[in-house]
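A.B. asks: What follows is protein_36.csv, CSV, C-alpha atoms.
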```csv
chain,number,residue,atom,x,y,z
A,1,MET,CA,-8.9,32.9,-28.0
A,2,LYS,CA,-8.2,33.1,-24.3
A,3,GLU,CA,-8.3,36.9,-24.2
A,4,LYS,CA,-11.6,37.1,-26.1
A,5,LEU,CA,-13.3,34.5,-23.9
A,6,VAL,CA,-12.1,36.3,-20.7
A,7,GLN,CA,-13.5,39.5,-22.1
A,8,GLN,CA,-16.8,37.8,-22.8
A,9,PHE,CA,-16.8,36.3,-19.2
A,10,LYS,CA,-16.5,39.8,-17.8
A,11,GLU,CA,-19.3,41.1,-20.0
A,12,VAL,CA,-21.6,38.3,-18.8
A,13,TYR,CA,-20.6,38.1,-15.1
A,14,GLY,CA,-18.9,41.4,-14.3
A,15,GLY,CA,-15.2,42.2,-14.0
A,16,GLU,CA,-14.2,41.5,-10.4
A,17,GLY,CA,-12.2,38.5,-9.1
A,18,GLU,CA,-9.5,36.2,-10.6
A,19,VAL,CA,-10.5,34.0,-13.5
A,20,HIS,CA,-8.9,30.8,-14.7
A,21,THR,CA,-9.0,29.2,-18.2
A,22,TYR,CA,-9.1,25.5,-19.2
A,23,PHE,CA,-9.4,23.4,-22.3
A,24,ALA,CA,-10.4,19.8,-23.0
A,25,PRO,CA,-10.3,18.4,-26.5
A,26,GLY,CA,-12.8,16.4,-28.6
A,27,ARG,CA,-11.6,13.2,-30.1
A,28,VAL,CA,-11.8,11.2,-33.2
A,29,ASN,CA,-11.6,7.4,-33.0
A,30,LEU,CA,-9.4,6.1,-35.9
A,31,ILE,CA,-10.6,2.5,-35.4
A,32,GLY,CA,-12.2,0.3,-32.7
A,33,GLU,CA,-15.9,1.4,-32.6
A,34,HIS,CA,-18.4,0.0,-30.1
A,35,THR,CA,-15.6,-2.1,-28.6
A,36,ASP,CA,-15.2,0.0,-25.5
A,37,TYR,CA,-18.1,-1.4,-23.6
A,38,ASN,CA,-17.4,-4.9,-24.9
A,39,GLY,CA,-14.0,-5.2,-23.2
A,40,GLY,CA,-12.0,-4.5,-26.4
A,41,HIS,CA,-9.4,-2.1,-27.7
A,42,VAL,CA,-9.9,1.4,-29.1
A,43,PHE,CA,-7.6,3.7,-30.9
A,44,PRO,CA,-8.7,7.3,-30.5
A,45,CYS,CA,-6.7,10.6,-30.6
A,46,ALA,CA,-7.4,14.0,-29.1
A,47,LEU,CA,-8.1,16.8,-31.5
A,48,THR,CA,-7.1,20.5,-31.4
A,49,LEU,CA,-10.8,21.2,-31.5
A,50,GLY,CA,-12.5,21.2,-28.1
A,51,THR,CA,-14.2,23.0,-25.2
A,52,TYR,CA,-12.9,26.1,-23.4
A,53,GLY,CA,-13.9,27.0,-19.9
A,54,ILE,CA,-13.4,30.3,-18.0
A,55,VAL,CA,-14.1,30.0,-14.3
A,56,ARG,CA,-14.3,32.2,-11.2
A,57,ASN,CA,-14.9,31.2,-7.6
A,58,ARG,CA,-18.0,32.4,-5.7
A,59,GLU,CA,-18.4,32.8,-2.0
A,60,ASP,CA,-21.9,31.2,-1.9
A,61,ARG,CA,-23.2,27.8,-3.2
A,62,GLN,CA,-24.6,29.2,-6.4
A,63,LEU,CA,-23.6,27.9,-9.8
A,64,ARG,CA,-24.0,30.1,-12.9
A,65,PHE,CA,-23.4,28.7,-16.4
A,66,TYR,CA,-23.2,30.5,-19.7
A,67,SER,CA,-22.4,29.1,-23.1
A,68,VAL,CA,-21.2,31.2,-26.0
A,69,ASN,CA,-22.6,28.5,-28.3
A,70,PHE,CA,-26.1,28.8,-26.8
A,71,GLU,CA,-26.3,32.5,-26.1
A,72,LYS,CA,-30.1,32.6,-26.4
A,73,LEU,CA,-30.3,30.4,-23.2
A,74,GLY,CA,-28.6,33.2,-21.3
A,75,VAL,CA,-27.1,32.5,-17.8
A,76,ILE,CA,-28.5,29.2,-16.4
A,77,GLU,CA,-28.5,29.3,-12.6
A,78,THR,CA,-28.6,26.5,-10.1
A,79,SER,CA,-26.8,25.6,-6.9
A,80,LEU,CA,-24.6,22.8,-5.4
A,81,ASP,CA,-27.7,21.8,-3.5
A,82,GLU,CA,-29.6,21.0,-6.7
A,83,LEU,CA,-27.4,18.5,-8.5
A,84,VAL,CA,-30.2,16.6,-10.1
A,85,PRO,CA,-30.8,15.9,-13.8
A,86,ASP,CA,-33.4,18.4,-15.2
A,87,LYS,CA,-34.6,18.7,-18.8
A,88,ASN,CA,-34.8,22.4,-18.4
A,89,ALA,CA,-31.2,22.6,-17.4
A,90,ASN,CA,-30.3,21.8,-21.0
A,91,TRP,CA,-26.5,21.4,-21.6
A,92,THR,CA,-25.6,22.2,-18.0
A,93,ASN,CA,-26.7,18.7,-17.1
A,94,TYR,CA,-23.2,17.6,-18.2
A,95,PRO,CA,-21.1,19.8,-15.8
A,96,LYS,CA,-23.7,19.2,-13.1
A,97,GLY,CA,-23.4,15.5,-13.6
A,98,VAL,CA,-19.6,15.7,-13.0
A,99,MET,CA,-20.1,17.7,-9.9
A,100,TRP,CA,-22.6,15.1,-8.7
A,101,ALA,CA,-20.1,12.3,-9.4
A,102,PHE,CA,-17.3,14.1,-7.5
A,103,GLU,CA,-19.6,14.6,-4.5
A,104,LYS,CA,-20.7,11.0,-4.6
A,105,ARG,CA,-17.1,10.0,-4.2
A,106,GLY,CA,-16.7,12.1,-1.1
A,107,TYR,CA,-15.0,15.1,-2.8
A,108,LYS,CA,-16.9,18.1,-1.2
A,109,LEU,CA,-17.4,21.1,-3.4
A,110,THR,CA,-17.3,23.9,-0.8
A,111,HIS,CA,-18.4,26.9,-2.9
A,112,GLY,CA,-20.1,27.8,-6.1
A,113,LEU,CA,-18.6,28.9,-9.5
A,114,ASP,CA,-19.3,31.2,-12.4
A,115,ILE,CA,-18.5,29.3,-15.6
A,116,LEU,CA,-18.4,30.4,-19.2
A,117,ILE,CA,-18.1,27.7,-21.9
A,118,TYR,CA,-17.2,27.9,-25.5
A,119,GLY,CA,-16.8,24.8,-27.8
A,120,ASN,CA,-15.6,24.6,-31.4
A,121,ILE,CA,-16.6,21.0,-31.8
A,122,PRO,CA,-19.6,20.9,-34.0
A,123,ASN,CA,-22.6,19.9,-31.8
A,124,GLY,CA,-24.0,16.5,-32.4
A,125,SER,CA,-21.2,15.6,-34.8
A,126,GLY,CA,-20.0,12.5,-32.9
A,127,LEU,CA,-16.6,14.1,-32.0
A,128,SER,CA,-17.5,13.9,-28.3
A,129,SER,CA,-18.5,17.4,-27.3
A,130,SER,CA,-20.2,16.0,-24.2
A,131,ALA,CA,-17.2,14.0,-23.1
A,132,SER,CA,-15.0,17.1,-23.7
A,133,LEU,CA,-17.3,19.2,-21.5
A,134,GLU,CA,-17.3,16.5,-18.8
A,135,VAL,CA,-13.5,16.2,-18.7
A,136,LEU,CA,-13.2,20.0,-18.8
A,137,THR,CA,-15.5,20.2,-15.7
A,138,GLY,CA,-13.5,17.4,-13.9
A,139,LEU,CA,-10.2,19.3,-14.5
A,140,ILE,CA,-11.8,22.6,-13.3
A,141,LEU,CA,-13.0,20.9,-10.0
A,142,LYS,CA,-9.6,19.1,-9.5
A,143,ASP,CA,-7.7,22.3,-9.9
A,144,THR,CA,-10.2,24.7,-8.1
A,145,PHE,CA,-10.7,22.6,-5.0
A,146,GLY,CA,-7.2,21.1,-4.9
A,147,PHE,CA,-8.2,17.5,-5.3
A,148,ASP,CA,-4.5,16.5,-5.9
A,149,ASP,CA,-5.2,12.7,-5.5
A,150,VAL,CA,-7.6,12.7,-8.5
A,151,SER,CA,-5.6,11.7,-11.5
A,152,MET,CA,-6.5,12.5,-15.1
A,153,ILE,CA,-7.6,8.9,-15.6
A,154,ASP,CA,-9.9,9.4,-12.5
A,155,VAL,CA,-11.3,12.5,-14.3
A,156,ALA,CA,-12.1,10.3,-17.3
A,157,LEU,CA,-13.8,7.7,-15.1
A,158,ILE,CA,-15.8,10.3,-13.2
A,159,GLY,CA,-16.9,11.8,-16.5
A,160,GLN,CA,-18.1,8.3,-17.7
A,161,ASP,CA,-19.9,7.7,-14.4
A,162,SER,CA,-21.7,11.0,-14.8
A,163,GLU,CA,-22.8,10.3,-18.3
A,164,ASN,CA,-23.9,6.8,-17.4
A,165,ASN,CA,-25.7,7.5,-14.1
A,166,PHE,CA,-26.7,11.2,-14.3
A,167,ASN,CA,-27.3,11.7,-18.0
A,168,GLY,CA,-28.5,8.2,-18.8
A,169,CYS,CA,-26.2,7.3,-21.8
A,170,ASN,CA,-24.5,4.0,-21.2
A,171,CYS,CA,-21.3,5.0,-22.9
A,172,GLY,CA,-17.9,3.3,-22.6
A,173,ILE,CA,-14.7,5.0,-21.3
A,174,MET,CA,-13.1,5.8,-24.7
A,175,ASP,CA,-14.3,9.4,-25.2
A,176,GLN,CA,-13.5,10.7,-21.8
A,177,PHE,CA,-10.2,8.9,-21.7
A,178,ALA,CA,-9.1,10.4,-25.1
A,179,SER,CA,-10.0,13.9,-23.9
A,180,ALA,CA,-8.2,13.5,-20.6
A,181,MET,CA,-5.1,11.6,-21.7
A,182,GLY,CA,-4.5,12.8,-25.3
A,183,LYS,CA,-1.0,13.4,-26.6
A,184,LYS,CA,0.0,15.5,-29.6
A,185,ASP,CA,0.7,13.5,-32.8
A,186,HIS,CA,-0.2,10.2,-31.0
A,187,ALA,CA,-3.2,8.0,-30.8
A,188,ILE,CA,-4.0,6.0,-27.6
A,189,PHE,CA,-4.1,2.3,-27.9
A,190,LEU,CA,-6.4,1.5,-25.0
A,191,ASP,CA,-7.5,-1.8,-23.6
A,192,THR,CA,-10.9,-0.7,-22.2
A,193,ASN,CA,-11.1,-3.8,-20.0
A,194,THR,CA,-8.0,-3.1,-18.0
A,195,LEU,CA,-7.4,0.6,-18.8
A,196,LYS,CA,-3.8,-0.4,-19.9
A,197,TYR,CA,-2.8,2.0,-22.6
A,198,GLU,CA,0.1,3.0,-24.8
A,199,TYR,CA,0.7,6.0,-27.1
A,200,ALA,CA,1.3,5.1,-30.7
A,201,PRO,CA,2.8,7.8,-33.0
A,202,VAL,CA,0.5,8.6,-35.9
A,203,VAL,CA,3.0,9.3,-38.6
A,204,LEU,CA,1.2,9.9,-41.9
A,205,GLU,CA,4.2,11.0,-44.1
A,206,ASP,CA,2.2,12.5,-47.0
A,207,ALA,CA,-1.4,12.2,-45.8
A,208,LYS,CA,-3.9,14.0,-43.5
A,209,ILE,CA,-6.8,13.0,-41.3
A,210,VAL,CA,-10.0,14.5,-42.8
A,211,ILE,CA,-13.2,14.5,-40.8
A,212,THR,CA,-16.4,14.9,-42.7
A,213,ASN,CA,-19.5,16.0,-40.8
A,214,SER,CA,-22.7,14.6,-42.4
A,215,LYS,CA,-24.7,17.3,-40.6
A,216,VAL,CA,-27.1,14.6,-39.6
A,217,LYS,CA,-27.3,14.9,-35.8
A,218,HIS,CA,-27.6,12.0,-33.5
A,219,SER,CA,-28.4,11.9,-29.8
A,220,LEU,CA,-27.0,8.7,-28.3
A,221,VAL,CA,-29.2,8.9,-25.3
A,222,ASP,CA,-32.3,8.6,-27.4
A,223,SER,CA,-30.9,6.4,-30.1
A,224,ALA,CA,-30.4,2.6,-30.4
A,225,TYR,CA,-27.0,2.9,-28.6
A,226,ASN,CA,-28.3,1.4,-25.4
A,227,ASP,CA,-30.1,-1.3,-27.4
A,228,ARG,CA,-26.8,-2.4,-29.0
A,229,ARG,CA,-25.2,-2.5,-25.6
A,230,ASN,CA,-28.0,-4.7,-24.3
A,231,GLU,CA,-27.8,-7.0,-27.3
A,232,CYS,CA,-24.0,-7.5,-26.7
A,233,GLU,CA,-24.5,-8.2,-23.0
A,234,THR,CA,-27.1,-10.9,-23.8
A,235,ALA,CA,-24.9,-12.4,-26.4
A,236,LEU,CA,-22.0,-12.5,-23.9
A,237,LYS,CA,-24.2,-14.3,-21.3
A,238,GLU,CA,-25.1,-16.9,-24.0
A,239,LEU,CA,-21.5,-17.5,-24.9
A,240,GLN,CA,-20.5,-17.7,-21.2
A,241,GLU,CA,-22.8,-20.8,-20.9
A,242,VAL,CA,-20.4,-22.7,-23.2
A,243,MET,CA,-17.0,-21.1,-22.6
A,244,GLU,CA,-15.1,-19.2,-19.9
A,245,ILE,CA,-14.8,-15.5,-21.0
A,246,ASP,CA,-15.2,-12.2,-19.2
A,247,THR,CA,-15.9,-10.0,-22.3
A,248,LEU,CA,-16.4,-10.3,-26.0
A,249,GLY,CA,-13.0,-8.7,-26.3
A,250,ASP,CA,-11.4,-11.9,-25.0
A,251,LEU,CA,-12.3,-13.8,-28.2
A,252,THR,CA,-10.4,-14.3,-31.4
A,253,GLU,CA,-12.3,-14.6,-34.6
A,254,ALA,CA,-11.8,-18.4,-34.7
A,255,GLU,CA,-13.0,-18.8,-31.2
A,256,PHE,CA,-16.1,-16.8,-32.0
A,257,GLU,CA,-16.9,-18.8,-35.1
A,258,ALA,CA,-16.5,-22.0,-33.2
A,259,HIS,CA,-19.0,-21.0,-30.5
A,260,LYS,CA,-21.3,-18.5,-32.2
A,261,ASP,CA,-24.3,-20.9,-32.3
A,262,ALA,CA,-24.6,-20.5,-28.6
A,263,ILE,CA,-26.1,-17.1,-29.4
A,264,LYS,CA,-29.7,-17.9,-30.1
A,265,ASP,CA,-30.8,-14.8,-32.0
A,266,PRO,CA,-29.2,-14.0,-35.5
A,267,VAL,CA,-29.3,-10.2,-34.8
A,268,ARG,CA,-27.4,-10.7,-31.5
A,269,GLN,CA,-25.0,-13.0,-33.3
A,270,LYS,CA,-24.2,-10.2,-35.8
A,271,ARG,CA,-23.7,-7.6,-33.0
A,272,ALA,CA,-21.3,-9.9,-31.1
A,273,LYS,CA,-19.4,-10.7,-34.4
A,274,HIS,CA,-18.8,-7.0,-34.9
A,275,ALA,CA,-17.5,-6.6,-31.3
A,276,VAL,CA,-15.0,-9.5,-31.7
A,277,TYR,CA,-13.8,-8.8,-35.2
A,278,GLU,CA,-13.5,-5.0,-34.7
A,279,ASN,CA,-11.4,-5.6,-31.6
A,280,GLN,CA,-9.0,-7.8,-33.6
A,281,ARG,CA,-9.0,-5.3,-36.5
A,282,THR,CA,-7.9,-2.6,-34.0
A,283,VAL,CA,-5.0,-4.7,-32.6
A,284,ARG,CA,-3.9,-5.3,-36.2
A,285,ALA,CA,-4.3,-1.7,-37.3
A,286,VAL,CA,-2.1,-0.4,-34.5
A,287,GLU,CA,0.6,-3.0,-35.4
A,288,ALA,CA,0.3,-1.8,-39.1
A,289,LEU,CA,0.8,1.8,-38.0
A,290,LYS,CA,3.9,0.8,-35.9
A,291,ASN,CA,5.3,-0.9,-39.1
A,292,GLN,CA,4.4,2.3,-41.1
A,293,ASP,CA,2.0,0.3,-43.2
A,294,VAL,CA,-0.5,3.0,-43.7
A,295,GLU,CA,-2.1,1.2,-46.6
A,296,LEU,CA,-3.0,-1.8,-44.4
A,297,PHE,CA,-4.3,0.6,-41.8
A,298,GLY,CA,-6.6,2.1,-44.4
A,299,GLN,CA,-7.9,-1.4,-45.5
A,300,LEU,CA,-8.8,-2.1,-41.9
A,301,MET,CA,-10.6,1.2,-41.6
A,302,ASN,CA,-12.7,0.2,-44.6
A,303,ALA,CA,-13.4,-3.2,-43.2
A,304,SER,CA,-14.5,-1.5,-39.9
A,305,HIS,CA,-17.1,0.6,-41.7
A,306,GLU,CA,-18.4,-2.5,-43.5
A,307,SER,CA,-18.9,-4.2,-40.2
A,308,LEU,CA,-20.5,-1.1,-38.6
A,309,ARG,CA,-22.8,-0.8,-41.6
A,310,TYR,CA,-24.0,-4.4,-41.9
A,311,ASP,CA,-23.3,-6.3,-38.6
A,312,TYR,CA,-23.7,-3.6,-36.0
A,313,GLU,CA,-26.1,-1.5,-38.1
A,314,VAL,CA,-25.2,1.9,-36.7
A,315,SER,CA,-24.6,3.7,-39.9
A,316,CYS,CA,-27.2,5.6,-41.9
A,317,GLU,CA,-27.8,6.5,-45.6
A,318,GLU,CA,-26.0,9.9,-45.5
A,319,ILE,CA,-22.9,8.4,-43.8
A,320,ASP,CA,-22.8,5.5,-46.3
A,321,ILE,CA,-22.9,7.9,-49.2
A,322,LEU,CA,-19.9,9.8,-47.7
A,323,VAL,CA,-17.9,6.6,-47.1
A,324,ASP,CA,-18.7,5.1,-50.5
A,325,LEU,CA,-17.7,8.3,-52.3
A,326,ALA,CA,-14.4,8.5,-50.2
A,327,GLN,CA,-13.4,4.9,-50.7
A,328,ALA,CA,-13.9,5.2,-54.5
A,329,MET,CA,-11.7,8.2,-54.8
A,330,PRO,CA,-8.0,8.1,-55.7
A,331,GLY,CA,-5.7,9.2,-52.9
A,332,VAL,CA,-8.0,8.0,-50.1
A,333,ILE,CA,-6.2,5.4,-48.0
A,334,GLY,CA,-9.2,4.5,-45.8
A,335,SER,CA,-12.6,5.9,-44.7
A,336,ARG,CA,-15.2,4.9,-42.1
A,337,ILE,CA,-17.9,6.2,-39.8
A,338,THR,CA,-16.5,7.4,-36.4
A,339,GLY,CA,-18.3,7.8,-33.1
A,340,GLY,CA,-21.5,6.3,-31.8
A,341,GLY,CA,-23.2,6.3,-35.2
A,342,PHE,CA,-26.7,7.2,-36.5
A,343,GLY,CA,-25.3,10.3,-38.2
A,344,GLY,CA,-22.3,12.3,-37.2
A,345,CYS,CA,-18.9,12.1,-39.0
A,346,THR,CA,-16.7,10.0,-41.1
A,347,VAL,CA,-12.9,9.9,-40.6
A,348,SER,CA,-10.7,9.4,-43.7
A,349,ILE,CA,-7.0,9.3,-44.3
A,350,VAL,CA,-6.3,11.2,-47.5
A,351,LYS,CA,-3.0,11.8,-49.3
A,352,ASN,CA,-2.0,15.5,-49.2
A,353,ASP,CA,-2.3,16.0,-52.9
A,354,ALA,CA,-5.8,14.6,-52.9
A,355,VAL,CA,-7.3,16.6,-50.0
A,356,ASP,CA,-8.6,19.6,-52.1
A,357,THR,CA,-10.2,17.3,-54.6
A,358,PHE,CA,-11.7,15.1,-51.8
A,359,ILE,CA,-13.3,18.1,-50.2
A,360,GLY,CA,-14.5,19.6,-53.5
A,361,GLU,CA,-15.9,16.5,-55.2
A,362,ILE,CA,-17.4,14.8,-52.2
A,363,GLY,CA,-18.9,18.1,-51.0
A,364,LYS,CA,-20.6,18.6,-54.4
A,365,THR,CA,-21.9,15.1,-54.9
A,366,TYR,CA,-23.1,14.8,-51.3
A,367,LYS,CA,-25.1,18.0,-51.6
A,368,GLU,CA,-26.7,16.7,-54.9
A,369,LYS,CA,-27.6,13.4,-53.3
A,370,VAL,CA,-28.7,14.5,-49.8
A,371,GLY,CA,-29.8,18.1,-50.3
A,372,HIS,CA,-27.6,19.8,-47.7
A,373,GLU,CA,-23.9,20.4,-47.4
A,374,ALA,CA,-21.3,18.4,-45.5
A,375,GLU,CA,-18.6,20.1,-43.4
A,376,PHE,CA,-14.9,19.1,-43.7
A,377,TYR,CA,-12.2,19.5,-41.1
A,378,VAL,CA,-8.5,18.7,-41.8
A,379,VAL,CA,-7.5,18.0,-38.3
A,380,ASP,CA,-4.4,17.9,-36.1
A,381,ILE,CA,-3.8,15.5,-33.2
A,382,GLY,CA,-3.5,17.5,-30.0
A,383,ASP,CA,-2.8,17.1,-26.3
A,384,GLY,CA,-5.3,16.2,-23.6
A,385,ALA,CA,-7.1,18.5,-21.2
A,386,LYS,CA,-5.1,21.3,-19.6
A,387,ALA,CA,-5.1,24.7,-17.9
A,388,ILE,CA,-4.1,27.5,-20.2
```
Output the structure of this file as structure tokens.
C.D. replies:
Amino acid sequence: MKEKLVQQFKEVYGGEGEVHTYFAPGRVNLIGEHTDYNGGHVFPCALTLGTYGIVRNREDRQLRFYSVNFEKLGVIETSLDELVPDKNANWTNYPKGVMWAFEKRGYKLTHGLDILIYGNIPNGSGLSSSASLEVLTGLILKDTFGFDDVSMIDVALIGQDSENNFNGCNCGIMDQFASAMGKKDHAIFLDTNTLKYEYAPVVLEDAKIVITNSKVKHSLVDSAYNDRRNECETALKELQEVMEIDTLGDLTEAEFEAHKDAIKDPVRQKRAKHAVYENQRTVRAVEALKNQDVELFGQLMNASHESLRYDYEVSCEEIDILVDLAQAMPGVIGSRITGGGFGGCTVSIVKNDAVDTFIGEIGKTYKEKVGHEAEFYVVDIGDGAKAI
């Protein structure tokens, strides 16, 4: 892969000068959805799918970007003096946003770059291609400009800042954290309120993680994502009038049930209920995995989907079809929507001897019901971002 991309870089930009290669993974969240901006826990893992970057220094302040995935757009040119969001800049708003966020923190970028990008995360699938690109850019800047005091957690936080304040999506920290801090064969049990984290081994003796892409694209910036966040923030303020809490993640289910009537609107009440119950499910799911109780982990995944479908209302018809088919199939331990919602992917834990049937039967029925095909990825858990 590296040799091929370096060759493409030389074809696009010419062959002189030293080039460097980097990789940042996408992620799948096993459980803990829409808890990351509600002060709760998440349980993502980095994938071996991700985004590659080939980079060469320039002597001026020009920035040139080229994506193998969007060849028709050609080379998109800008400069370090033009780090502002621009609809015409297309995908390059993500790396530009990270550069802007570094400069805002006082990290001066002293020269331009030629960058070639290639990603093998399906675009719009909910496996965090944008966060992967942000973390990739952060690692490139840290390495290229010698910002040794910037940790990989800082890279994740800078990526989140750029997505919130440059690209206008009010995302939590999970996606960037998983891409920056992933560890092979482990998921990250992360308290998004404190950024305390631990690695938990994902030991699925005779099962695989299967991601199913509904091929329904979502764009979180334009979707109801920010609405959900606002609904939760309002619910939190209402609860804070009757109890002392900092986040919805501070509550147990019993505490929520005792005080939920402080939330005046029934829709906000459902949103807050999801945030509280999903956080507790995530804590229990990690405990189950530590006890090698994969069956319980699967049951909690199923309950998570139910809550995302009915209380948080971020699923959609196509995703529900995939989950219903999966949960009804022998050999499926658990299945749920993953990612921000409104399309994207499901994540399922499937016993090894059922994987082929799972892909064959669900693929066939989904196409009959929806009219287009789903894509399936049997994934491995990989390391976080790195130079290669």
A.B. asks: How many Å separate atom CA of A:Leu195 from atom CA of A:Met152?
C.D. replies: 12.5 Å
A.B. asks: Restricting the calculation to only C-alpha atoms, which member of A:Phe43, A:Phe145, A:Trp91, A:Tyr118 is positioned closest to A:Ile188?
C.D. replies: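 Smallest separation from A:Ile188 among the options: A:Phe43.
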A.B. asks: For A:Tyr52, which of A:Phe102, A:Tyr277, A:Phe23, A:Tyr310 is the closest residue, counting only C-alpha atoms?
C.D. replies: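 Checking each of A:Phe102, A:Tyr277, A:Phe23, A:Tyr310 against A:Tyr52, counting only C-alpha atoms, the winner is A:Phe23.
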A.B. asks: What does the structure give for the distance between atom CA of A:Glu82 and atom CA of A:Val12, in Å to one decimal?
C.D. replies: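 Between atom CA of A:Glu82 and atom CA of A:Val12 the gap works out to 22.6 Å.
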A.B. asks: Neighbours of A:Pro44 within 6 Å (only C-alpha atoms; same-chain residues fewer than 4 positions away dropped), as a list in words?
C.D. replies: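 That gives Val28, Asn29, Leu30, Ala187 and Ile188 of chain A.
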A.B. asks: Within 8 Å of (-23.0, 3.5, -41.4) (coordinates as in the file), grab all the protein and nucleic acid residues, counting all atoms listed in the file, and write them out as a ChimeraX atom specification.
C.D. replies: /A:305-306,308-310,313-317,319-320,336-337,341-343
A.B. asks: Work out how far apart atom CA of A:His111 and atom CA of A:Gly26 are and give it in Å to one decimal.
C.D. replies: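 Separation of atom CA of A:His111 and atom CA of A:Gly26: 28.3 Å.
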A.B. asks: Counting all atoms listed in the file, which of A:Trp100, A:Glu33, A:Asn120, A:Met243 gets nearest to A:Asn69?
C.D. replies: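 For A:Asn69, the nearest of the given residues is A:Asn120.
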A.B. asks: Name the closest residue to A:Arg271 among the candidates A:Asp356, A:Glu59, A:Glu231, A:Asp206; distances are taken between atoms, counting only C-alpha atoms.
C.D. replies: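 Of A:Asp356, A:Glu59, A:Glu231, A:Asp206, the one nearest A:Arg271 is A:Glu231, counting only C-alpha atoms.
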A.B. asks: Can you pull out the residues contacting A:Leu49? Cut-off 9 Å, using all atoms listed in the file, and skip same-chain residues under 2 positions away; I want them as a list in words.
C.D. replies: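 Everything that qualifies: Ala24, Pro25, Gly26, Arg27, Ala46, Leu47, Thr51, Gly119, Asn120, Ile121, Val379, Asp380 and Gly382 of chain A.
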A.B. asks: I need the chosen residues saved as a PDB file, keeping the file's coordinate frame, with C-alpha atoms.
C.D. replies:
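result_29.pdb, written as the output of this step:
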```pdb
ATOM      1  CA  ALA A  24     -10.400  19.800 -23.000  1.00  0.00           C
ATOM      2  CA  PRO A  25     -10.300  18.400 -26.500  1.00  0.00           C
ATOM      3  CA  GLY A  26     -12.800  16.400 -28.600  1.00  0.00           C
ATOM      4  CA  ARG A  27     -11.600  13.200 -30.100  1.00  0.00           C
ATOM      5  CA  ALA A  46      -7.400  14.000 -29.100  1.00  0.00           C
ATOM      6  CA  LEU A  47      -8.100  16.800 -31.500  1.00  0.00           C
ATOM      7  CA  THR A  51     -14.200  23.000 -25.200  1.00  0.00           C
ATOM      8  CA  GLY A 119     -16.800  24.800 -27.800  1.00  0.00           C
ATOM      9  CA  ASN A 120     -15.600  24.600 -31.400  1.00  0.00           C
ATOM     10  CA  ILE A 121     -16.600  21.000 -31.800  1.00  0.00           C
ATOM     11  CA  VAL A 379      -7.500  18.000 -38.300  1.00  0.00           C
ATOM     12  CA  ASP A 380      -4.400  17.900 -36.100  1.00  0.00           C
ATOM     13  CA  GLY A 382      -3.500  17.500 -30.000  1.00  0.00           C
TER      14      GLY A 382
END
```
A.B. asks: Considering only C-alpha atoms, return as a VMD selection string whatever protein or nucleic-acid residues lie within 12 Å of A:Thr137, sequence-local ones (same chain, fewer than 5 positions apart) excluded.
C.D. replies: chain A and resid 21 to 24 51 to 55 65 92 to 102 113 115 to 117 130 to 132 142 to 145 152 155 to 156 158 to 159 162 176 179 to 180 385 to 387
A.B. asks: Residues within 10 Å of A:His41, please, as JSON, numbers by chain. Count only C-alpha atoms; anything in the same chain fewer than 4 positions from it doesn't count.
C.D. replies: {"A": [31, 32, 33, 34, 35, 36, 37, 174, 188, 189, 190, 191, 192, 193, 194, 195, 196, 197, 249, 275, 278, 279, 280, 281, 282, 283]}
A.B. asks: Neighbours of stretch 294-302 of chain A within 9 Å (only C-alpha atoms; same-chain residues fewer than 2 positions away dropped), as a ChimeraX atom specification?
C.D. replies: /A:30-31,203-204,281-282,284-289,291-292,304-307,323,327,332-336,348-349
A.B. asks: Quick one: of A:Val267, A:Val202, A:Ile209, A:Leu239, who's nearest to A:Asn352, counting all atoms listed in the file?
C.D. replies: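 Result for the nearest residue to A:Asn352: A:Ile209.
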A.B. asks: List every protein, DNA or RNA residue that has an atom no more than 12 Å from (-20.4, -23.0, -31.2) in the file's coordinate frame, counting all atoms listed in the file, and report them as JSON, numbers by chain.
C.D. replies: {"A": [238, 239, 240, 241, 242, 243, 254, 255, 256, 257, 258, 259, 260, 261, 262, 263, 264, 269]}
A.B. asks: Using only C-alpha atoms, can you tell me which of A:Ile388, A:Ala303, A:Ala374, A:Leu109 comes closest to A:Asn213?
C.D. replies: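 Comparing A:Ile388, A:Ala303, A:Ala374, A:Leu109 against A:Asn213, the winner is A:Ala374.
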